[in-house]
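**Student:** Have a peek at data23.txt (compact mmCIF, C-alpha atoms).
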```
# COMPACT_ATOMS: atom_id res chain seq x y z
CA MET A 1 102.89 70.14 92.43
CA LYS A 2 99.74 69.06 94.21
CA ARG A 3 101.75 66.50 96.16
CA LEU A 4 104.28 69.10 97.31
CA SER A 5 101.48 71.24 98.67
CA VAL A 6 100.24 68.33 100.77
CA VAL A 7 103.69 67.72 102.26
CA LEU A 8 104.20 71.37 103.14
CA ASN A 9 100.80 71.80 104.71
CA LEU A 10 101.74 69.20 107.30
CA ILE A 11 103.99 71.71 109.03
CA ILE A 12 101.19 73.98 110.22
CA ILE A 13 101.06 73.07 113.91
CA SER A 14 99.42 76.19 115.27
CA SER A 15 97.46 79.27 114.24
CA ILE A 16 100.27 81.64 115.19
CA ILE A 17 100.11 84.83 113.15
CA VAL A 18 103.59 85.93 112.09
CA LYS A 19 104.34 89.38 110.77
CA GLY A 20 106.54 88.58 107.78
CA GLN A 21 109.85 90.33 107.34
CA GLU A 22 111.85 90.36 104.12
CA SER A 23 115.19 90.58 105.92
CA ILE A 24 115.83 87.60 108.18
CA MET A 25 119.06 86.31 109.65
CA ILE A 26 120.52 82.90 108.90
CA VAL A 27 121.33 81.55 112.35
CA PRO A 28 125.01 80.48 112.17
CA PRO A 29 125.97 76.83 112.68
CA LYS A 30 126.67 75.56 116.17
CA ILE A 31 130.26 74.95 117.28
CA GLU A 32 132.01 73.29 120.22
CA LEU A 33 134.54 75.09 122.43
CA ASN A 34 137.54 73.53 124.15
CA TYR A 35 137.19 74.30 127.83
CA ASN A 36 140.15 74.54 130.21
CA HIS A 37 142.61 74.94 127.33
CA CYS A 38 144.11 78.32 128.08
CA ASP A 39 146.69 79.88 130.35
CA SER A 40 144.53 79.86 133.46
CA ALA A 41 145.29 82.25 136.32
CA SER A 42 144.42 80.61 139.64
CA THR A 43 144.06 83.96 141.39
CA TYR A 44 141.01 84.81 139.29
CA ILE A 45 139.47 81.40 139.92
CA SER A 46 139.90 81.99 143.65
CA ASP A 47 138.28 85.41 143.34
CA LEU A 48 135.27 83.90 141.60
CA LEU A 49 134.92 81.10 144.13
CA ASP A 50 134.98 83.70 146.90
CA LYS A 51 131.85 85.24 145.36
CA VAL A 52 129.79 82.20 146.35
CA LYS A 53 131.81 80.82 149.26
CA SER A 54 129.68 82.57 151.86
CA TRP A 55 126.45 81.12 150.45
CA GLU A 56 125.83 78.11 152.68
CA TYR A 57 123.79 76.18 150.15
CA GLN A 58 126.77 76.29 147.77
CA THR A 59 129.31 74.64 150.05
CA ASP A 60 127.06 71.63 150.63
CA PHE A 61 127.45 70.45 147.03
CA LYS A 62 130.32 68.57 145.40
CA PHE A 63 129.52 70.73 142.39
CA TYR A 64 131.01 73.69 144.26
CA LYS A 65 134.57 72.47 143.72
CA ASP A 66 134.16 72.49 139.93
CA ASN A 67 132.05 75.53 139.31
CA VAL A 68 134.64 77.73 137.61
CA ILE A 69 135.41 76.84 134.01
CA SER A 70 138.21 78.52 132.09
CA VAL A 71 137.87 78.99 128.34
CA ASP A 72 139.65 81.10 125.74
CA LEU A 73 136.65 82.59 123.95
CA ASN A 74 138.49 84.73 121.40
CA ASN A 75 141.63 82.59 120.89
CA ASP A 76 143.99 85.27 122.25
CA GLY A 77 145.64 82.94 124.77
CA ILE A 78 144.02 84.72 127.73
CA CYS A 79 141.37 83.00 129.80
CA GLU A 80 137.78 83.99 130.13
CA TYR A 81 135.82 82.32 132.93
CA ILE A 82 132.40 80.83 133.51
CA LEU A 83 131.19 80.81 137.11
CA LYS A 84 128.40 78.31 137.78
CA TYR A 85 126.25 78.46 140.90
CA TYR A 86 122.83 77.54 142.21
CA ASP A 87 120.48 80.47 142.56
CA GLY A 88 118.99 79.08 145.75
CA GLY A 89 116.09 77.59 143.84
CA ALA A 90 115.92 75.09 141.00
CA ASN A 91 118.27 76.81 138.57
CA ILE A 92 122.01 76.87 137.92
CA ILE A 93 123.27 80.26 136.78
CA GLU A 94 126.32 80.77 134.57
CA GLU A 95 128.14 84.11 134.67
CA PHE A 96 130.72 84.87 131.97
CA TYR A 97 133.77 86.92 132.96
CA GLU A 98 136.71 88.41 131.11
CA VAL A 99 139.85 90.02 132.52
CA LYS A 100 140.39 93.69 131.71
CA ASN A 101 143.08 95.80 133.36
CA ASN A 102 143.78 92.89 135.72
CA GLU A 103 140.19 92.91 136.95
CA LEU A 104 137.32 90.51 136.39
CA LYS A 105 134.44 91.98 134.42
CA ILE A 106 131.11 90.22 133.87
CA ILE A 107 130.09 89.99 130.21
CA GLY A 108 126.96 87.84 130.39
CA THR A 109 124.60 85.88 132.66
CA PHE A 110 122.59 82.86 131.52
CA TRP A 111 120.78 79.81 132.79
CA GLU A 112 122.74 76.60 132.43
CA ARG A 113 121.88 74.67 129.25
CA SER A 114 119.88 77.61 127.88
CA TYR A 115 122.47 78.49 125.24
CA SER A 116 124.65 77.04 122.50
CA TRP A 117 127.85 78.38 120.96
CA LEU A 118 127.59 79.56 117.37
CA GLU A 119 130.14 80.32 114.66
CA ARG A 120 132.48 83.16 115.62
CA PHE A 121 131.92 86.82 114.77
CA ASN A 122 134.86 89.22 115.27
CA ASP A 123 136.80 86.42 117.01
CA TYR A 124 134.18 85.78 119.71
CA PRO A 125 131.69 82.91 119.42
CA GLN A 126 128.10 84.01 119.06
CA LEU A 127 125.43 82.65 121.39
CA LEU A 128 122.09 81.07 120.64
CA VAL A 129 119.88 81.55 123.69
CA ILE A 130 116.58 79.71 124.09
CA TYR A 131 114.16 81.44 126.45
CA TYR A 132 110.51 81.16 127.36
CA ASP A 133 107.80 83.77 127.16
CA GLY A 134 104.71 83.55 129.34
CA GLU A 135 104.27 81.35 132.41
CA LYS A 136 106.65 78.61 133.57
CA THR A 137 103.75 76.19 133.67
CA ASN A 138 102.96 76.86 130.00
CA PRO A 139 106.14 78.26 128.41
CA ILE A 140 106.31 79.60 124.86
CA TRP A 141 109.86 78.95 123.69
CA LYS A 142 111.63 81.56 121.58
CA PHE A 143 115.24 82.37 120.72
CA SER A 144 117.80 85.15 120.38
CA VAL A 145 121.27 85.39 118.85
CA LEU A 146 123.78 87.34 120.95
CA ARG A 147 127.11 88.84 119.93
CA TYR A 148 129.97 90.20 121.98
CA ASN A 149 129.98 93.98 121.44
CA GLY A 150 133.33 94.80 123.03
CA GLU A 151 131.83 95.14 126.50
CA LYS A 152 129.42 92.25 126.94
CA TYR A 153 127.18 89.78 125.13
CA ALA A 154 124.14 91.64 123.80
CA VAL A 155 121.12 90.65 121.73
CA TYR A 156 121.83 91.00 118.02
CA TYR A 157 118.82 89.18 116.55
CA SER A 158 115.58 88.31 118.33
CA PRO A 159 112.75 87.65 115.87
CA ASP A 160 110.03 86.79 118.42
CA LEU A 161 109.39 83.50 116.61
CA THR A 162 108.50 80.15 118.13
CA TYR A 163 109.12 76.76 116.54
CA GLY A 164 105.69 76.86 114.91
CA GLY A 165 106.12 80.52 113.99
CA LEU A 166 109.33 79.82 112.07
CA GLN A 167 107.68 76.90 110.28
CA ASN A 168 104.69 79.00 109.28
CA LEU A 169 106.88 81.85 108.08
CA GLY A 170 108.84 79.41 105.92
CA LEU A 171 105.60 78.02 104.51
CA LYS A 172 104.37 81.53 103.76
CA TYR A 173 107.53 82.37 101.81
CA TYR A 174 107.37 79.05 99.97
CA LYS A 175 103.82 79.72 98.82
CA GLN A 176 104.92 83.19 97.69
CA LYS A 177 107.73 81.52 95.70
CA LYS A 178 110.35 83.30 97.81
CA TYR A 179 112.34 80.13 98.08
CA LYS A 180 115.56 81.60 99.49
CA LEU A 181 113.66 83.15 102.40
CA ALA A 182 111.80 79.87 102.90
CA GLU A 183 115.15 78.06 102.97
CA ILE A 184 116.46 80.41 105.67
CA CYS A 185 113.38 79.84 107.83
CA PHE A 186 113.57 76.06 107.52
CA ARG A 187 117.33 76.08 108.21
CA ASN A 188 116.71 78.16 111.32
CA VAL A 189 114.04 75.73 112.53
CA ILE A 190 116.60 72.92 112.40
CA THR A 191 119.53 74.90 113.84
CA VAL A 192 117.60 76.59 116.63
CA TYR A 193 115.16 73.95 117.76
CA SER A 194 116.00 70.47 116.49
CA ASP A 195 116.64 68.24 113.49
CA SER A 196 114.48 65.51 115.02
CA ASN A 197 111.37 66.25 112.94
CA SER A 198 111.37 64.68 109.48
CA ILE A 199 108.92 67.28 108.18
CA ASP A 200 111.43 70.09 108.83
CA ILE A 201 114.14 68.25 106.89
CA ASN A 202 111.78 67.63 103.98
CA ASN A 203 110.62 71.23 103.84
CA LEU A 204 114.22 72.45 103.71
CA ALA A 205 114.89 69.96 100.91
CA LEU A 206 111.87 71.21 98.96
CA SER A 207 113.01 74.83 99.20
CA LEU A 208 116.48 73.80 98.02
CA MET A 209 115.07 71.91 95.03
CA LYS A 210 113.10 74.98 93.99
CA GLN A 211 116.45 76.81 93.73
CA ASN A 212 118.04 73.98 91.72
CA LYS A 213 120.22 73.03 94.69
CA ASN A 214 119.56 69.38 93.97
CA ASP A 215 122.89 68.02 95.23
CA GLU A 216 122.40 69.64 98.63
CA ALA A 217 118.80 68.41 98.80
CA GLU A 218 119.95 64.90 97.86
CA ASN A 219 122.59 64.80 100.62
CA LEU A 220 120.11 66.17 103.15
CA LEU A 221 117.46 63.56 102.36
CA LEU A 222 119.91 60.64 102.19
CA LYS A 223 121.21 61.62 105.63
CA GLU A 224 117.63 61.82 106.90
CA LEU A 225 116.98 58.27 105.68
CA THR A 226 119.82 57.00 107.89
CA LYS A 227 117.80 58.23 110.91
CA ARG A 228 114.15 57.85 109.90
CA LYS A 229 112.33 56.42 106.91
CA SER A 230 109.09 57.96 105.68
CA ALA A 231 107.03 58.00 102.50
CA ASP A 232 107.54 61.76 102.19
CA THR A 233 111.33 61.52 102.38
CA PHE A 234 111.44 58.73 99.79
CA TYR A 235 109.07 60.71 97.56
CA ASN A 236 111.01 63.96 97.79
CA LEU A 237 114.25 62.12 97.08
CA SER A 238 112.62 60.71 93.94
CA LEU A 239 111.87 64.31 92.92
CA VAL A 240 115.55 65.19 93.32
CA TYR A 241 116.49 62.38 90.94
CA LYS A 242 113.72 63.41 88.56
CA ASN A 243 115.25 66.89 88.46
CA LYS A 244 118.67 65.34 87.79
CA GLY A 245 117.36 63.06 85.05
CA ASP A 246 118.32 59.92 87.01
CA VAL A 247 115.50 57.55 86.02
CA GLU A 248 116.91 54.55 87.91
CA ASN A 249 117.06 56.29 91.28
CA GLU A 250 113.80 58.15 90.73
CA LEU A 251 112.09 54.80 90.19
CA LYS A 252 113.88 53.25 93.18
CA TYR A 253 112.80 55.86 95.71
CA LEU A 254 109.36 56.47 94.24
CA THR A 255 108.69 52.74 94.61
CA LYS A 256 109.86 52.82 98.25
CA SER A 257 107.51 55.74 98.91
CA ASN A 258 104.60 54.00 97.22
CA ASN A 259 105.22 50.83 99.23
CA LEU A 260 104.73 52.83 102.43
CA VAL A 261 101.88 55.09 101.29
CA GLU A 262 100.30 54.10 98.00
CA SER A 263 98.71 56.61 95.64
CA ASP A 264 97.38 56.51 92.07
CA PHE A 265 99.74 59.31 91.06
CA LYS A 266 102.83 57.44 92.22
CA THR A 267 101.62 54.13 90.78
CA LYS A 268 101.10 55.71 87.34
CA ARG A 269 104.50 57.40 87.47
CA ILE A 270 106.19 54.10 88.41
CA LYS A 271 104.57 52.34 85.44
CA TYR A 272 105.72 55.14 83.15
CA LEU A 273 109.31 54.98 84.43
CA LYS A 274 109.47 51.21 83.97
CA LEU A 275 108.67 51.67 80.28
CA LYS A 276 111.52 54.13 79.73
```
Would you encode the structure as C-alpha cells?

**Tutor:**
Amino acid sequence: MKRLSVVLNLIIISSIIVKGQESIMIVPPKIELNYNHCDSASTYISDLLDKVKSWEYQTDFKFYKDNVISVDLNNDGICEYILKYYDGGANIIEEFYEVKNNELKIIGTFWERSYSWLERFNDYPQLLVIYYDGEKTNPIWKFSVLRYNGEKYAVYYSPDLTYGGLQNLGLKYYKQKKYKLAEICFRNVITVYSDSNSIDINNLALSLMKQNKNDEAENLLLKELTKRKSADTFYNLSLVYKNKGDVENELKYLTKSNNLVESDFKTKRIKYLKLK
C-alpha cells in the first residue's frame, strides 16, 4: 500500500484547491462524424457564402472556396452546416447552422479546433469544448460539455476544473476510498485532455483495481505498455496479476519493474514468488 501512495502522489502538479463535489459527470467518449454525407442543398451553401463574400480578407484565401461543410448531425437525412471564416485576426471561427422552416438558424459558434464530438444524446452529438480562462499569454485551460437543447448548443456541464484540478480531485477521492469517483476523475483527465501521460493511465488503473475491475485494468496497462514503458506501469500490472492469483505474470512484470527501478520491497517479493 505504501508503494501505491508513492505512485499516486506523483500526479500533484499544482497547488490548485478544488471544491469537491459528490456528483460528477463522466465525460462521454469521443466520436467521429462523417462530413458531407447528407442531402446537401446548394442554395443554403450559397446563402452562407454570401455572409462572408463582402469581407475582402476572406476572398483572398483559397480556404474561402471550402469554408462551408455539410453534416447530418442528428441522422435525419437533412443537412446541418458549418461555416468557417477568419475573424480578421488570428482565429478561424466555426458557426453551426440548421435549417428550420426553410431558413438557416445558427445553433452554435466556436473557435476552430477548440471542440471535439462526443457520444450522442437525444440523437445529436454532444460537444467537448476546451477554453482558456485568464490571459492569452498565460492561459488556464478548462472544459465544458455542451448539448443541443432543441434550439442551440448550450453548456450542460462545466466543472471549472483544469488538468491539474481534475487530477487532484481524483487523488482526493482515492485517498477517501471513494474509488468510483476517483475513476470518473481519472477517466475525464484522459478523455478531456490527453492519454499521453503515463501517470494518468496508471492512476485510472489503480482506481479500477480497487473496485476489483482487474480485467479492465489489465487491458489498460497492457495497451499503455505498447506506447511507453515505465517501472510504475510494470509494477501496477504485477499488482493486477497478484489480484488474479497469476504468479507467473506477477513475477514477470514485477521483475521488469525492478530492472528499471530497483527496490528492496520488489526484490524480496520476487524472491518469494520464485519459491512458490

**Student:** Could you check the closest approach to A:Lys30 for each of A:Val247, A:Leu222, A:Ile190, A:Leu275 and tell me which residue wins, using all atoms listed in the file?

**Tutor:**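 Of A:Val247, A:Leu222, A:Ile190, A:Leu275, the one nearest A:Lys30, counting all atoms listed in the file, is A:Ile190.
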
**Student:** Quick check, in Å to one decimal: how far apart do atom CA of A:Glu224 and atom CA of A:Ser196 lie?

**Tutor:**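 Atom CA of A:Ser196 lies 9.5 Å from atom CA of A:Glu224.
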
**Student:** Please, what is the axis-aligned box for every listed atom of stretch 129-138 of chain A with 6 Å on each side, as centre and edge lengths in Å to one decimal, as JSON?

**Tutor:**
```
{"center_x": 111.4, "center_y": 80.0, "center_z": 128.7, "size_x": 28.9, "size_y": 19.6, "size_z": 22.0}
```

**Student:** Which residues of stretch 45-151 of chain A come within 12 Å of stretch 184-189 of chain A, and for each one, what is the closest pair of atoms and their distance in Å to one decimal, counting only C-alpha atoms, sorted by chain and residue number, as JSON lines?

**Tutor:**
```
{"residue": "A:Leu128", "atom": "CA", "partner": "A:Asn188", "partner_atom": "CA", "distance": 11.1}
{"residue": "A:Lys142", "atom": "CA", "partner": "A:Val189", "partner_atom": "CA", "distance": 11.0}
{"residue": "A:Phe143", "atom": "CA", "partner": "A:Asn188", "partner_atom": "CA", "distance": 10.4}
{"residue": "A:Ser144", "atom": "CA", "partner": "A:Asn188", "partner_atom": "CA", "distance": 11.5}
{"residue": "A:Val145", "atom": "CA", "partner": "A:Asn188", "partner_atom": "CA", "distance": 11.4}
```

**Student:** When you look at A:Asn212 with a cut-off of 12 Å (counting all atoms listed in the file), what residues show up, excluding the ones that are within fewer than 2 positions of it in the same chain? I need them as a ChimeraX atom specification.

**Tutor:** /A:179-180,205-210,214-218,239-244

**Student:** Using only C-alpha atoms, tabulate the residues of stretch 137-222 of chain A lying at most 10 Å from any atom of stretch 229-233 of chain A, each with its closest atom pair and that distance in Å to one decimal, by chain and increasing residue number, as a Markdown table.

**Tutor:**
```
| residue | atom | partner | partner_atom | distance |
| --- | --- | --- | --- | --- |
| A:Ser198 | CA | A:Thr233 | CA | 7.8 |
| A:Ile199 | CA | A:Asp232 | CA | 8.3 |
| A:Ile201 | CA | A:Thr233 | CA | 8.6 |
| A:Asn202 | CA | A:Thr233 | CA | 6.3 |
| A:Asn203 | CA | A:Thr233 | CA | 9.8 |
| A:Ala205 | CA | A:Thr233 | CA | 9.3 |
| A:Leu220 | CA | A:Thr233 | CA | 10.0 |
| A:Leu221 | CA | A:Thr233 | CA | 6.5 |
| A:Leu222 | CA | A:Thr233 | CA | 8.6 |
```

**Student:** Output C-alpha atoms for every residue in the selection just made, as an mmCIF file, in the coordinates of the input.

**Tutor:**
```
data_model
loop_
_atom_site.group_PDB
_atom_site.id
_atom_site.type_symbol
_atom_site.label_atom_id
_atom_site.label_comp_id
_atom_site.auth_asym_id
_atom_site.auth_seq_id
_atom_site.Cartn_x
_atom_site.Cartn_y
_atom_site.Cartn_z
ATOM 1 C CA SER A 198 111.370 64.680 109.480
ATOM 2 C CA ILE A 199 108.920 67.280 108.180
ATOM 3 C CA ILE A 201 114.140 68.250 106.890
ATOM 4 C CA ASN A 202 111.780 67.630 103.980
ATOM 5 C CA ASN A 203 110.620 71.230 103.840
ATOM 6 C CA ALA A 205 114.890 69.960 100.910
ATOM 7 C CA LEU A 220 120.110 66.170 103.150
ATOM 8 C CA LEU A 221 117.460 63.560 102.360
ATOM 9 C CA LEU A 222 119.910 60.640 102.190
#
```

**Student:** Using all atoms listed in the file, which of A:Tyr86, A:Leu127, A:Lys177, A:Asp72 sits nearest A:Tyr157?

**Tutor:**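 Answer, going by the shortest atom-to-atom distance: A:Leu127.
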
**Student:** List the spatial neighbours of A:Trp111 as a list of chain:residue names - criterion: any atom at most 10 Å away, only C-alpha atoms, same-chain residues fewer than 2 positions off excluded.

**Tutor:** A:Lys84, A:Tyr85, A:Tyr86, A:Asp87, A:Asn91, A:Ile92, A:Ile93, A:Glu94, A:Glu95, A:Thr109, A:Arg113, A:Ser114, A:Tyr115, A:Val129, A:Ile130, A:Tyr131

**Student:** Which value, in Å to one decimal, gives the distance between atom CA of A:Glu32 and atom CA of A:Val71?

**Tutor:**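 Value for the atom CA of A:Glu32-atom CA of A:Val71 distance: 11.5 Å.
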
**Student:** Write out as a list in words the residues lying within 12 Å of stretch 263-268 of chain A, counting all atoms listed in the file and excluding same-chain residues fewer than 6 positions away.

**Tutor:**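 In the requested form, the answer reads Met1, Lys2, Arg3, Ala231, Asp232, Phe234, Tyr235, Asn236, Ser238, Leu239, Glu250, Leu251, Lys252, Tyr253, Leu254, Thr255, Lys256, Ser257, Lys274 and Leu275 of chain A.
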
**Student:** Mind checking which residues fall within 9 Å of A:Ile107, counting only C-alpha atoms, ignoring those fewer than 3 positions away in the same chain, and posting them as JSON, numbers by chain?

**Tutor:** {"A": [95, 96, 97, 98, 148, 151, 152, 153, 154]}
